[in-house]
>>> print(open('work23.pdb').read())   # PDB, N, CA and C atoms
ATOM      1  N   MET A   1      11.430  -9.448 -12.929
ATOM      2  CA  MET A   1      10.796  -9.160 -11.660
ATOM      3  C   MET A   1      10.457 -10.472 -10.962
ATOM      4  N   VAL A   2      10.987 -10.641  -9.799
ATOM      5  CA  VAL A   2      10.818 -11.876  -9.057
ATOM      6  C   VAL A   2       9.423 -11.993  -8.451
ATOM      7  N   GLY A   3       8.978 -10.972  -7.700
ATOM      8  CA  GLY A   3       7.731 -11.061  -6.957
ATOM      9  C   GLY A   3       6.493 -10.749  -7.759
ATOM     10  N   VAL A   4       6.652 -10.115  -8.886
ATOM     11  CA  VAL A   4       5.502  -9.749  -9.696
ATOM     12  C   VAL A   4       5.181 -10.908 -10.631
ATOM     13  N   VAL A   5       3.970 -11.440 -10.509
ATOM     14  CA  VAL A   5       3.581 -12.590 -11.322
ATOM     15  C   VAL A   5       3.538 -12.195 -12.788
ATOM     16  N   ASN A   6       2.850 -11.147 -13.108
ATOM     17  CA  ASN A   6       2.842 -10.546 -14.440
ATOM     18  C   ASN A   6       2.371  -9.114 -14.295
ATOM     19  N   SER A   7       2.232  -8.397 -15.361
ATOM     20  CA  SER A   7       1.896  -6.973 -15.257
ATOM     21  C   SER A   7       0.472  -6.740 -14.757
ATOM     22  N   LEU A   8      -0.366  -7.777 -14.736
ATOM     23  CA  LEU A   8      -1.745  -7.603 -14.282
ATOM     24  C   LEU A   8      -1.992  -8.134 -12.878
ATOM     25  N   GLN A   9      -1.170  -9.051 -12.410
ATOM     26  CA  GLN A   9      -1.377  -9.662 -11.109
ATOM     27  C   GLN A   9      -0.100  -9.549 -10.292
ATOM     28  N   VAL A  10      -0.198  -9.001  -9.097
ATOM     29  CA  VAL A  10       0.959  -8.784  -8.253
ATOM     30  C   VAL A  10       0.892  -9.715  -7.055
ATOM     31  N   ASN A  11       1.990 -10.387  -6.773
ATOM     32  CA  ASN A  11       2.102 -11.205  -5.573
ATOM     33  C   ASN A  11       2.675 -10.301  -4.485
ATOM     34  N   TYR A  12       1.799  -9.765  -3.637
ATOM     35  CA  TYR A  12       2.219  -8.797  -2.634
ATOM     36  C   TYR A  12       3.074  -9.409  -1.533
ATOM     37  N   LEU A  13       3.045 -10.713  -1.388
ATOM     38  CA  LEU A  13       3.870 -11.356  -0.371
ATOM     39  C   LEU A  13       5.319 -11.467  -0.809
ATOM     40  N   GLU A  14       5.559 -11.388  -2.114
ATOM     41  CA  GLU A  14       6.919 -11.552  -2.618
ATOM     42  C   GLU A  14       7.467 -10.335  -3.359
ATOM     43  N   ALA A  15       6.613  -9.447  -3.802
ATOM     44  CA  ALA A  15       7.071  -8.290  -4.576
ATOM     45  C   ALA A  15       7.920  -7.368  -3.709
ATOM     46  N   THR A  16       8.990  -6.855  -4.289
ATOM     47  CA  THR A  16       9.857  -5.914  -3.574
ATOM     48  C   THR A  16       9.362  -4.495  -3.816
ATOM     49  N   SER A  17       9.815  -3.578  -2.981
ATOM     50  CA  SER A  17       9.444  -2.176  -3.177
ATOM     51  C   SER A  17       9.978  -1.672  -4.516
ATOM     52  N   GLN A  18      11.133  -2.164  -4.929
ATOM     53  CA  GLN A  18      11.688  -1.766  -6.225
ATOM     54  C   GLN A  18      10.776  -2.220  -7.364
ATOM     55  N   GLU A  19      10.286  -3.454  -7.294
ATOM     56  CA  GLU A  19       9.391  -3.971  -8.335
ATOM     57  C   GLU A  19       8.090  -3.184  -8.375
ATOM     58  N   LEU A  20       7.528  -2.897  -7.207
ATOM     59  CA  LEU A  20       6.291  -2.124  -7.170
ATOM     60  C   LEU A  20       6.529  -0.699  -7.676
ATOM     61  N   GLY A  21       7.673  -0.127  -7.320
ATOM     62  CA  GLY A  21       8.025   1.205  -7.813
ATOM     63  C   GLY A  21       8.156   1.237  -9.323
ATOM     64  N   GLU A  22       8.708   0.165  -9.893
ATOM     65  CA  GLU A  22       8.828   0.083 -11.352
ATOM     66  C   GLU A  22       7.452  -0.002 -12.012
ATOM     67  N   LEU A  23       6.523  -0.712 -11.382
ATOM     68  CA  LEU A  23       5.155  -0.773 -11.920
ATOM     69  C   LEU A  23       4.508   0.609 -11.899
ATOM     70  N   LEU A  24       4.738   1.362 -10.818
ATOM     71  CA  LEU A  24       4.195   2.719 -10.740
ATOM     72  C   LEU A  24       4.834   3.621 -11.800
ATOM     73  N   ALA A  25       6.153   3.551 -11.917
ATOM     74  CA  ALA A  25       6.872   4.402 -12.872
ATOM     75  C   ALA A  25       6.467   4.107 -14.309
ATOM     76  N   SER A  26       6.181   2.833 -14.600
ATOM     77  CA  SER A  26       5.816   2.452 -15.967
ATOM     78  C   SER A  26       4.356   2.751 -16.292
ATOM     79  N   GLY A  27       3.575   3.039 -15.257
ATOM     80  CA  GLY A  27       2.152   3.299 -15.479
ATOM     81  C   GLY A  27       1.303   2.034 -15.525
ATOM     82  N   LYS A  28       1.919   0.867 -15.297
ATOM     83  CA  LYS A  28       1.156  -0.388 -15.307
ATOM     84  C   LYS A  28       0.277  -0.507 -14.071
ATOM     85  N   ARG A  29       0.641   0.186 -13.018
ATOM     86  CA  ARG A  29      -0.134   0.237 -11.797
ATOM     87  C   ARG A  29      -0.146   1.676 -11.297
ATOM     88  N   SER A  30      -1.158   1.992 -10.500
ATOM     89  CA  SER A  30      -1.228   3.300  -9.860
ATOM     90  C   SER A  30      -1.183   3.094  -8.356
ATOM     91  N   SER A  31      -0.948   4.156  -7.628
ATOM     92  CA  SER A  31      -0.974   4.072  -6.172
ATOM     93  C   SER A  31      -2.356   3.645  -5.694
ATOM     94  N   VAL A  32      -3.392   4.145  -6.363
ATOM     95  CA  VAL A  32      -4.759   3.755  -6.001
ATOM     96  C   VAL A  32      -4.928   2.247  -6.179
ATOM     97  N   ASN A  33      -4.413   1.688  -7.273
ATOM     98  CA  ASN A  33      -4.474   0.230  -7.485
ATOM     99  C   ASN A  33      -3.786  -0.521  -6.352
ATOM    100  N   LEU A  34      -2.583  -0.076  -6.009
ATOM    101  CA  LEU A  34      -1.805  -0.766  -4.981
ATOM    102  C   LEU A  34      -2.452  -0.669  -3.603
ATOM    103  N   VAL A  35      -2.943   0.517  -3.267
ATOM    104  CA  VAL A  35      -3.591   0.698  -1.966
ATOM    105  C   VAL A  35      -4.872  -0.128  -1.895
ATOM    106  N   SER A  36      -5.680  -0.057  -2.943
ATOM    107  CA  SER A  36      -6.928  -0.818  -2.972
ATOM    108  C   SER A  36      -6.662  -2.319  -2.854
ATOM    109  N   SER A  37      -5.710  -2.807  -3.620
ATOM    110  CA  SER A  37      -5.360  -4.226  -3.572
ATOM    111  C   SER A  37      -4.823  -4.627  -2.202
ATOM    112  N   SER A  38      -4.021  -3.759  -1.620
ATOM    113  CA  SER A  38      -3.464  -4.043  -0.296
ATOM    114  C   SER A  38      -4.562  -4.112   0.757
ATOM    115  N   LEU A  39      -5.496  -3.173   0.708
ATOM    116  CA  LEU A  39      -6.599  -3.178   1.675
ATOM    117  C   LEU A  39      -7.471  -4.418   1.510
ATOM    118  N   LYS A  40      -7.695  -4.831   0.268
ATOM    119  CA  LYS A  40      -8.473  -6.051   0.022
ATOM    120  C   LYS A  40      -7.747  -7.269   0.576
ATOM    121  N   ARG A  41      -6.438  -7.314   0.383
ATOM    122  CA  ARG A  41      -5.654  -8.449   0.871
ATOM    123  C   ARG A  41      -5.658  -8.488   2.400
ATOM    124  N   ILE A  42      -5.535  -7.330   3.026
ATOM    125  CA  ILE A  42      -5.573  -7.261   4.490
ATOM    126  C   ILE A  42      -6.912  -7.785   4.997
ATOM    127  N   ALA A  43      -8.005  -7.328   4.391
ATOM    128  CA  ALA A  43      -9.346  -7.771   4.803
ATOM    129  C   ALA A  43      -9.516  -9.266   4.570
ATOM    130  N   LYS A  44      -9.035  -9.745   3.435
ATOM    131  CA  LYS A  44      -9.170 -11.170   3.108
ATOM    132  C   LYS A  44      -8.432 -12.033   4.123
ATOM    133  N   ASP A  45      -7.199 -11.666   4.440
ATOM    134  CA  ASP A  45      -6.412 -12.448   5.393
ATOM    135  C   ASP A  45      -6.981 -12.346   6.807
ATOM    136  N   LYS A  46      -7.519 -11.192   7.131
ATOM    137  CA  LYS A  46      -8.033 -10.959   8.482
ATOM    138  C   LYS A  46      -9.369 -11.667   8.709
ATOM    139  N   ILE A  47     -10.216 -11.660   7.688
ATOM    140  CA  ILE A  47     -11.572 -12.194   7.834
ATOM    141  C   ILE A  47     -11.714 -13.581   7.228
ATOM    142  N   ASP A  48     -11.348 -13.743   5.972
ATOM    143  CA  ASP A  48     -11.535 -15.014   5.275
ATOM    144  C   ASP A  48     -10.366 -15.970   5.435
ATOM    145  N   GLY A  49      -9.231 -15.443   5.809
ATOM    146  CA  GLY A  49      -8.026 -16.264   5.897
ATOM    147  C   GLY A  49      -7.958 -17.033   7.199
ATOM    148  N   ILE A  50      -6.756 -17.303   7.618
ATOM    149  CA  ILE A  50      -6.574 -18.110   8.824
ATOM    150  C   ILE A  50      -6.693 -17.280  10.096
ATOM    151  N   GLY A  51      -7.012 -16.015   9.941
ATOM    152  CA  GLY A  51      -7.245 -15.157  11.099
ATOM    153  C   GLY A  51      -5.991 -14.763  11.851
ATOM    154  N   ILE A  52      -4.886 -14.603  11.130
ATOM    155  CA  ILE A  52      -3.636 -14.274  11.824
ATOM    156  C   ILE A  52      -3.618 -12.835  12.325
ATOM    157  N   ARG A  53      -4.474 -11.995  11.775
ATOM    158  CA  ARG A  53      -4.579 -10.597  12.205
ATOM    159  C   ARG A  53      -3.210  -9.909  12.259
ATOM    160  N   ALA A  54      -2.412 -10.123  11.231
ATOM    161  CA  ALA A  54      -1.082  -9.525  11.180
ATOM    162  C   ALA A  54      -1.167  -8.005  11.136
ATOM    163  N   ILE A  55      -2.187  -7.488  10.476
ATOM    164  CA  ILE A  55      -2.438  -6.048  10.448
ATOM    165  C   ILE A  55      -3.808  -5.861  11.072
ATOM    166  N   ILE A  56      -3.832  -5.316  12.265
ATOM    167  CA  ILE A  56      -5.097  -5.246  12.988
ATOM    168  C   ILE A  56      -5.835  -3.935  12.797
ATOM    169  N   GLU A  57      -5.135  -2.919  12.267
ATOM    170  CA  GLU A  57      -5.774  -1.624  12.135
ATOM    171  C   GLU A  57      -5.152  -0.842  10.984
ATOM    172  N   THR A  58      -6.000  -0.182  10.210
ATOM    173  CA  THR A  58      -5.547   0.741   9.169
ATOM    174  C   THR A  58      -6.357   2.021   9.300
ATOM    175  N   GLU A  59      -5.862   3.035   8.680
ATOM    176  CA  GLU A  59      -6.631   4.269   8.622
ATOM    177  C   GLU A  59      -7.820   4.045   7.686
ATOM    178  N   ASP A  60      -8.791   4.905   7.751
ATOM    179  CA  ASP A  60      -9.992   4.806   6.923
ATOM    180  C   ASP A  60      -9.626   4.668   5.445
ATOM    181  N   ALA A  61     -10.237   3.699   4.784
ATOM    182  CA  ALA A  61      -9.925   3.398   3.379
ATOM    183  C   ALA A  61     -10.145   4.604   2.472
ATOM    184  N   SER A  62     -11.204   5.355   2.698
ATOM    185  CA  SER A  62     -11.472   6.499   1.816
ATOM    186  C   SER A  62     -10.358   7.542   1.931
ATOM    187  N   HIS A  63      -9.825   7.738   3.128
ATOM    188  CA  HIS A  63      -8.717   8.680   3.316
ATOM    189  C   HIS A  63      -7.456   8.167   2.612
ATOM    190  N   LEU A  64      -7.164   6.878   2.774
ATOM    191  CA  LEU A  64      -5.976   6.304   2.143
ATOM    192  C   LEU A  64      -6.057   6.368   0.621
ATOM    193  N   LEU A  65      -7.238   6.084   0.086
ATOM    194  CA  LEU A  65      -7.408   6.126  -1.372
ATOM    195  C   LEU A  65      -7.333   7.551  -1.905
ATOM    196  N   GLU A  66      -7.848   8.517  -1.161
ATOM    197  CA  GLU A  66      -7.738   9.918  -1.579
ATOM    198  C   GLU A  66      -6.277  10.355  -1.582
ATOM    199  N   TYR A  67      -5.531   9.974  -0.586
ATOM    200  CA  TYR A  67      -4.113  10.314  -0.529
ATOM    201  C   TYR A  67      -3.366   9.655  -1.688
ATOM    202  N   ALA A  68      -3.714   8.405  -1.992
ATOM    203  CA  ALA A  68      -3.098   7.705  -3.124
ATOM    204  C   ALA A  68      -3.407   8.429  -4.437
ATOM    205  N   ARG A  69      -4.637   8.922  -4.582
ATOM    206  CA  ARG A  69      -4.999   9.683  -5.794
ATOM    207  C   ARG A  69      -4.118  10.926  -5.946
ATOM    208  N   ARG A  70      -3.889  11.619  -4.832
ATOM    209  CA  ARG A  70      -3.036  12.813  -4.885
ATOM    210  C   ARG A  70      -1.609  12.444  -5.287
ATOM    211  N   LEU A  71      -1.101  11.335  -4.757
ATOM    212  CA  LEU A  71       0.254  10.903  -5.120
ATOM    213  C   LEU A  71       0.326  10.480  -6.590
ATOM    214  N   ASP A  72      -0.743   9.829  -7.083
ATOM    215  CA  ASP A  72      -0.789   9.490  -8.510
ATOM    216  C   ASP A  72      -0.772  10.759  -9.357
ATOM    217  N   ASP A  73      -1.509  11.770  -8.923
ATOM    218  CA  ASP A  73      -1.556  13.036  -9.652
ATOM    219  C   ASP A  73      -0.176  13.705  -9.655
ATOM    220  N   GLU A  74       0.499  13.683  -8.518
ATOM    221  CA  GLU A  74       1.857  14.235  -8.460
ATOM    222  C   GLU A  74       2.769  13.516  -9.455
ATOM    223  N   ARG A  75       2.700  12.186  -9.446
ATOM    224  CA  ARG A  75       3.544  11.398 -10.354
ATOM    225  C   ARG A  75       3.232  11.750 -11.809
ATOM    226  N   LYS A  76       1.942  11.892 -12.112
ATOM    227  CA  LYS A  76       1.512  12.223 -13.471
ATOM    228  C   LYS A  76       2.097  13.562 -13.924
ATOM    229  N   HIS A  77       2.311  14.470 -12.962
ATOM    230  CA  HIS A  77       2.856  15.783 -13.283
ATOM    231  C   HIS A  77       4.362  15.873 -13.059
ATOM    232  N   GLY A  78       5.018  14.712 -12.955
ATOM    233  CA  GLY A  78       6.469  14.675 -12.898
ATOM    234  C   GLY A  78       7.088  14.843 -11.521
ATOM    235  N   LYS A  79       6.270  14.927 -10.475
ATOM    236  CA  LYS A  79       6.820  15.064  -9.128
ATOM    237  C   LYS A  79       6.842  13.693  -8.452
ATOM    238  N   VAL A  80       8.035  13.181  -8.214
ATOM    239  CA  VAL A  80       8.209  11.922  -7.487
ATOM    240  C   VAL A  80       9.075  12.239  -6.276
ATOM    241  N   ARG A  81       8.522  12.052  -5.102
ATOM    242  CA  ARG A  81       9.189  12.436  -3.855
ATOM    243  C   ARG A  81      10.395  11.560  -3.517
ATOM    244  N   GLY A  82      10.380  10.329  -3.987
ATOM    245  CA  GLY A  82      11.471   9.407  -3.681
ATOM    246  C   GLY A  82      11.098   8.005  -4.109
ATOM    247  N   PRO A  83      11.925   7.021  -3.807
ATOM    248  CA  PRO A  83      11.687   5.660  -4.297
ATOM    249  C   PRO A  83      10.432   4.993  -3.721
ATOM    250  N   LEU A  84       9.915   5.482  -2.605
ATOM    251  CA  LEU A  84       8.702   4.903  -2.022
ATOM    252  C   LEU A  84       7.439   5.704  -2.356
ATOM    253  N   HIS A  85       7.573   6.680  -3.236
ATOM    254  CA  HIS A  85       6.442   7.532  -3.597
ATOM    255  C   HIS A  85       5.248   6.698  -4.076
ATOM    256  N   GLY A  86       4.157   6.752  -3.331
ATOM    257  CA  GLY A  86       2.927   6.075  -3.725
ATOM    258  C   GLY A  86       2.810   4.618  -3.322
ATOM    259  N   LEU A  87       3.842   4.066  -2.688
ATOM    260  CA  LEU A  87       3.779   2.662  -2.286
ATOM    261  C   LEU A  87       3.093   2.532  -0.925
ATOM    262  N   PRO A  88       2.172   1.598  -0.805
ATOM    263  CA  PRO A  88       1.605   1.340   0.520
ATOM    264  C   PRO A  88       2.664   0.652   1.381
ATOM    265  N   ILE A  89       2.816   1.122   2.591
ATOM    266  CA  ILE A  89       3.795   0.529   3.492
ATOM    267  C   ILE A  89       3.124   0.209   4.821
ATOM    268  N   VAL A  90       3.722  -0.700   5.555
ATOM    269  CA  VAL A  90       3.244  -1.044   6.889
ATOM    270  C   VAL A  90       4.364  -0.715   7.859
ATOM    271  N   ILE A  91       3.998  -0.037   8.921
ATOM    272  CA  ILE A  91       4.951   0.266   9.975
ATOM    273  C   ILE A  91       4.497  -0.475  11.216
ATOM    274  N   LYS A  92       5.349  -1.343  11.697
ATOM    275  CA  LYS A  92       5.010  -2.144  12.873
ATOM    276  C   LYS A  92       5.200  -1.321  14.135
ATOM    277  N   ALA A  93       4.150  -1.270  14.942
ATOM    278  CA  ALA A  93       4.240  -0.600  16.234
ATOM    279  C   ALA A  93       4.640  -1.643  17.259
ATOM    280  N   SER A  94       5.794  -1.483  17.834
ATOM    281  CA  SER A  94       6.271  -2.466  18.802
ATOM    282  C   SER A  94       6.131  -1.954  20.235
ATOM    283  N   ALA A  95       5.309  -0.955  20.407
ATOM    284  CA  ALA A  95       5.060  -0.405  21.736
ATOM    285  C   ALA A  95       3.559  -0.349  21.970
ATOM    286  N   ASP A  96       3.169  -0.313  23.203
ATOM    287  CA  ASP A  96       1.761  -0.225  23.552
ATOM    288  C   ASP A  96       1.367   1.246  23.579
ATOM    289  N   PHE A  97       0.524   1.639  22.647
ATOM    290  CA  PHE A  97       0.069   3.014  22.583
ATOM    291  C   PHE A  97      -1.287   3.125  23.266
ATOM    292  N   SER A  98      -1.526   4.222  23.910
ATOM    293  CA  SER A  98      -2.777   4.387  24.643
ATOM    294  C   SER A  98      -3.953   4.699  23.722
ATOM    295  N   CYS A  99      -3.690   5.128  22.504
ATOM    296  CA  CYS A  99      -4.791   5.456  21.597
ATOM    297  C   CYS A  99      -5.284   4.202  20.881
ATOM    298  N   SER A 100      -6.551   4.179  20.554
ATOM    299  CA  SER A 100      -7.120   3.000  19.900
ATOM    300  C   SER A 100      -7.206   3.158  18.392
ATOM    301  N   LYS A 101      -7.017   4.350  17.887
ATOM    302  CA  LYS A 101      -7.073   4.598  16.447
ATOM    303  C   LYS A 101      -5.703   5.013  15.944
ATOM    304  N   VAL A 102      -5.458   4.769  14.683
ATOM    305  CA  VAL A 102      -4.204   5.163  14.060
ATOM    306  C   VAL A 102      -4.259   6.667  13.826
ATOM    307  N   HIS A 103      -3.286   7.404  14.349
ATOM    308  CA  HIS A 103      -3.247   8.857  14.194
ATOM    309  C   HIS A 103      -1.963   9.261  13.496
ATOM    310  N   GLY A 104      -2.061  10.220  12.603
ATOM    311  CA  GLY A 104      -0.886  10.757  11.958
ATOM    312  C   GLY A 104      -0.250   9.840  10.918
ATOM    313  N   PHE A 105      -0.954   8.802  10.493
ATOM    314  CA  PHE A 105      -0.403   7.887   9.511
ATOM    315  C   PHE A 105      -0.391   8.546   8.148
ATOM    316  N   ARG A 106       0.669   8.384   7.398
ATOM    317  CA  ARG A 106       0.767   8.972   6.061
ATOM    318  C   ARG A 106       1.399   7.982   5.110
ATOM    319  N   TRP A 107       0.986   8.055   3.861
ATOM    320  CA  TRP A 107       1.585   7.261   2.801
ATOM    321  C   TRP A 107       2.681   8.072   2.167
ATOM    322  N   LEU A 108       3.773   7.435   1.849
ATOM    323  CA  LEU A 108       4.906   8.130   1.229
ATOM    324  C   LEU A 108       4.664   8.355  -0.234
TER     325      LEU A 108
END
>>> encode(input="work23.pdb", output="structure tokens")
Amino acid sequence: MVGVVNSLQVNYLEATSQELGELLASGKRSSVNLVSSSLKRIAKDKIDGIGIRAIIETEDASHLLEYARRLDDERKHGKVRGPLHGLPIVIKASADFSCSKVHGFRWL
């Protein structure tokens, strides 16, 4: 695994979706772990980092973590929707939307 430093520490800037999917499939990581770590990294870069604000808005953390728990439960019971099942993803909005909050966002 190129982007994964080791089974306990993930380099999210370099890890591929395949590597993260393998961590989920092996049980070394859960969707809740990945979502929580991703949200912490976003906050760290946005507030403590250089202030690049690459991700300026996310859905409420409690909602995202609850959805991740459901996906972990599905995986535990043998239901995997596809290769991105349970992975946190970012979708870049390249248009100006009139709404100020993220609506209809879902984790795969």
>>> resolve_selection(input="work23.pdb", expression="the PyMOL selection byres ((chain A and resi 62-66) around 8)", output="compact mmCIF listing (two decimals) with N, CA and C atoms, in the frame of the given file")
# COMPACT_ATOMS: atom_id res chain seq x y z
N SER A 31 -0.95 4.16 -7.63
CA SER A 31 -0.97 4.07 -6.17
C SER A 31 -2.36 3.64 -5.69
N VAL A 32 -3.39 4.14 -6.36
CA VAL A 32 -4.76 3.76 -6.00
C VAL A 32 -4.93 2.25 -6.18
N ASN A 33 -4.41 1.69 -7.27
CA ASN A 33 -4.47 0.23 -7.48
C ASN A 33 -3.79 -0.52 -6.35
N VAL A 35 -2.94 0.52 -3.27
CA VAL A 35 -3.59 0.70 -1.97
C VAL A 35 -4.87 -0.13 -1.90
N SER A 36 -5.68 -0.06 -2.94
CA SER A 36 -6.93 -0.82 -2.97
C SER A 36 -6.66 -2.32 -2.85
N GLU A 59 -5.86 3.04 8.68
CA GLU A 59 -6.63 4.27 8.62
C GLU A 59 -7.82 4.04 7.69
N ASP A 60 -8.79 4.90 7.75
CA ASP A 60 -9.99 4.81 6.92
C ASP A 60 -9.63 4.67 5.44
N ALA A 61 -10.24 3.70 4.78
CA ALA A 61 -9.93 3.40 3.38
C ALA A 61 -10.14 4.60 2.47
N TYR A 67 -5.53 9.97 -0.59
CA TYR A 67 -4.11 10.31 -0.53
C TYR A 67 -3.37 9.65 -1.69
N ALA A 68 -3.71 8.40 -1.99
CA ALA A 68 -3.10 7.70 -3.12
C ALA A 68 -3.41 8.43 -4.44
N ARG A 69 -4.64 8.92 -4.58
CA ARG A 69 -5.00 9.68 -5.79
C ARG A 69 -4.12 10.93 -5.95
N ARG A 70 -3.89 11.62 -4.83
CA ARG A 70 -3.04 12.81 -4.88
C ARG A 70 -1.61 12.44 -5.29
N LEU A 71 -1.10 11.34 -4.76
CA LEU A 71 0.25 10.90 -5.12
C LEU A 71 0.33 10.48 -6.59
N ASP A 72 -0.74 9.83 -7.08
CA ASP A 72 -0.79 9.49 -8.51
C ASP A 72 -0.77 10.76 -9.36
N TRP A 107 0.99 8.06 3.86
CA TRP A 107 1.58 7.26 2.80
C TRP A 107 2.68 8.07 2.17
>>> closest_residue(input="work23.pdb", among="A:Arg41, A:Ile55, A:Pro83, A:Val90", to="Gln18 in chain A", atoms="all atoms listed in the file")
A:Pro83
>>> atom_distance(input="work23.pdb", atom1="atom N of Gly78 in chain A", atom2="atom N of Leu13 in chain A")
28.0 Å
>>> atom_distance(input="work23.pdb", atom1="atom N of Ile56 in chain A", atom2="CA of Gly21 in chain A")
24.2 Å
>>> select_by_dssp(input="work23.pdb", residues="range 21-102 of chain A", states="helix (DSSP H, G or I)", output="VMD selection string")
chain A and resid 21 to 26 31 to 48 61 to 76
>>> atom_distance(input="work23.pdb", atom1="CA of Arg29 in chain A", atom2="atom C of Asp48 in chain A")
25.8 Å
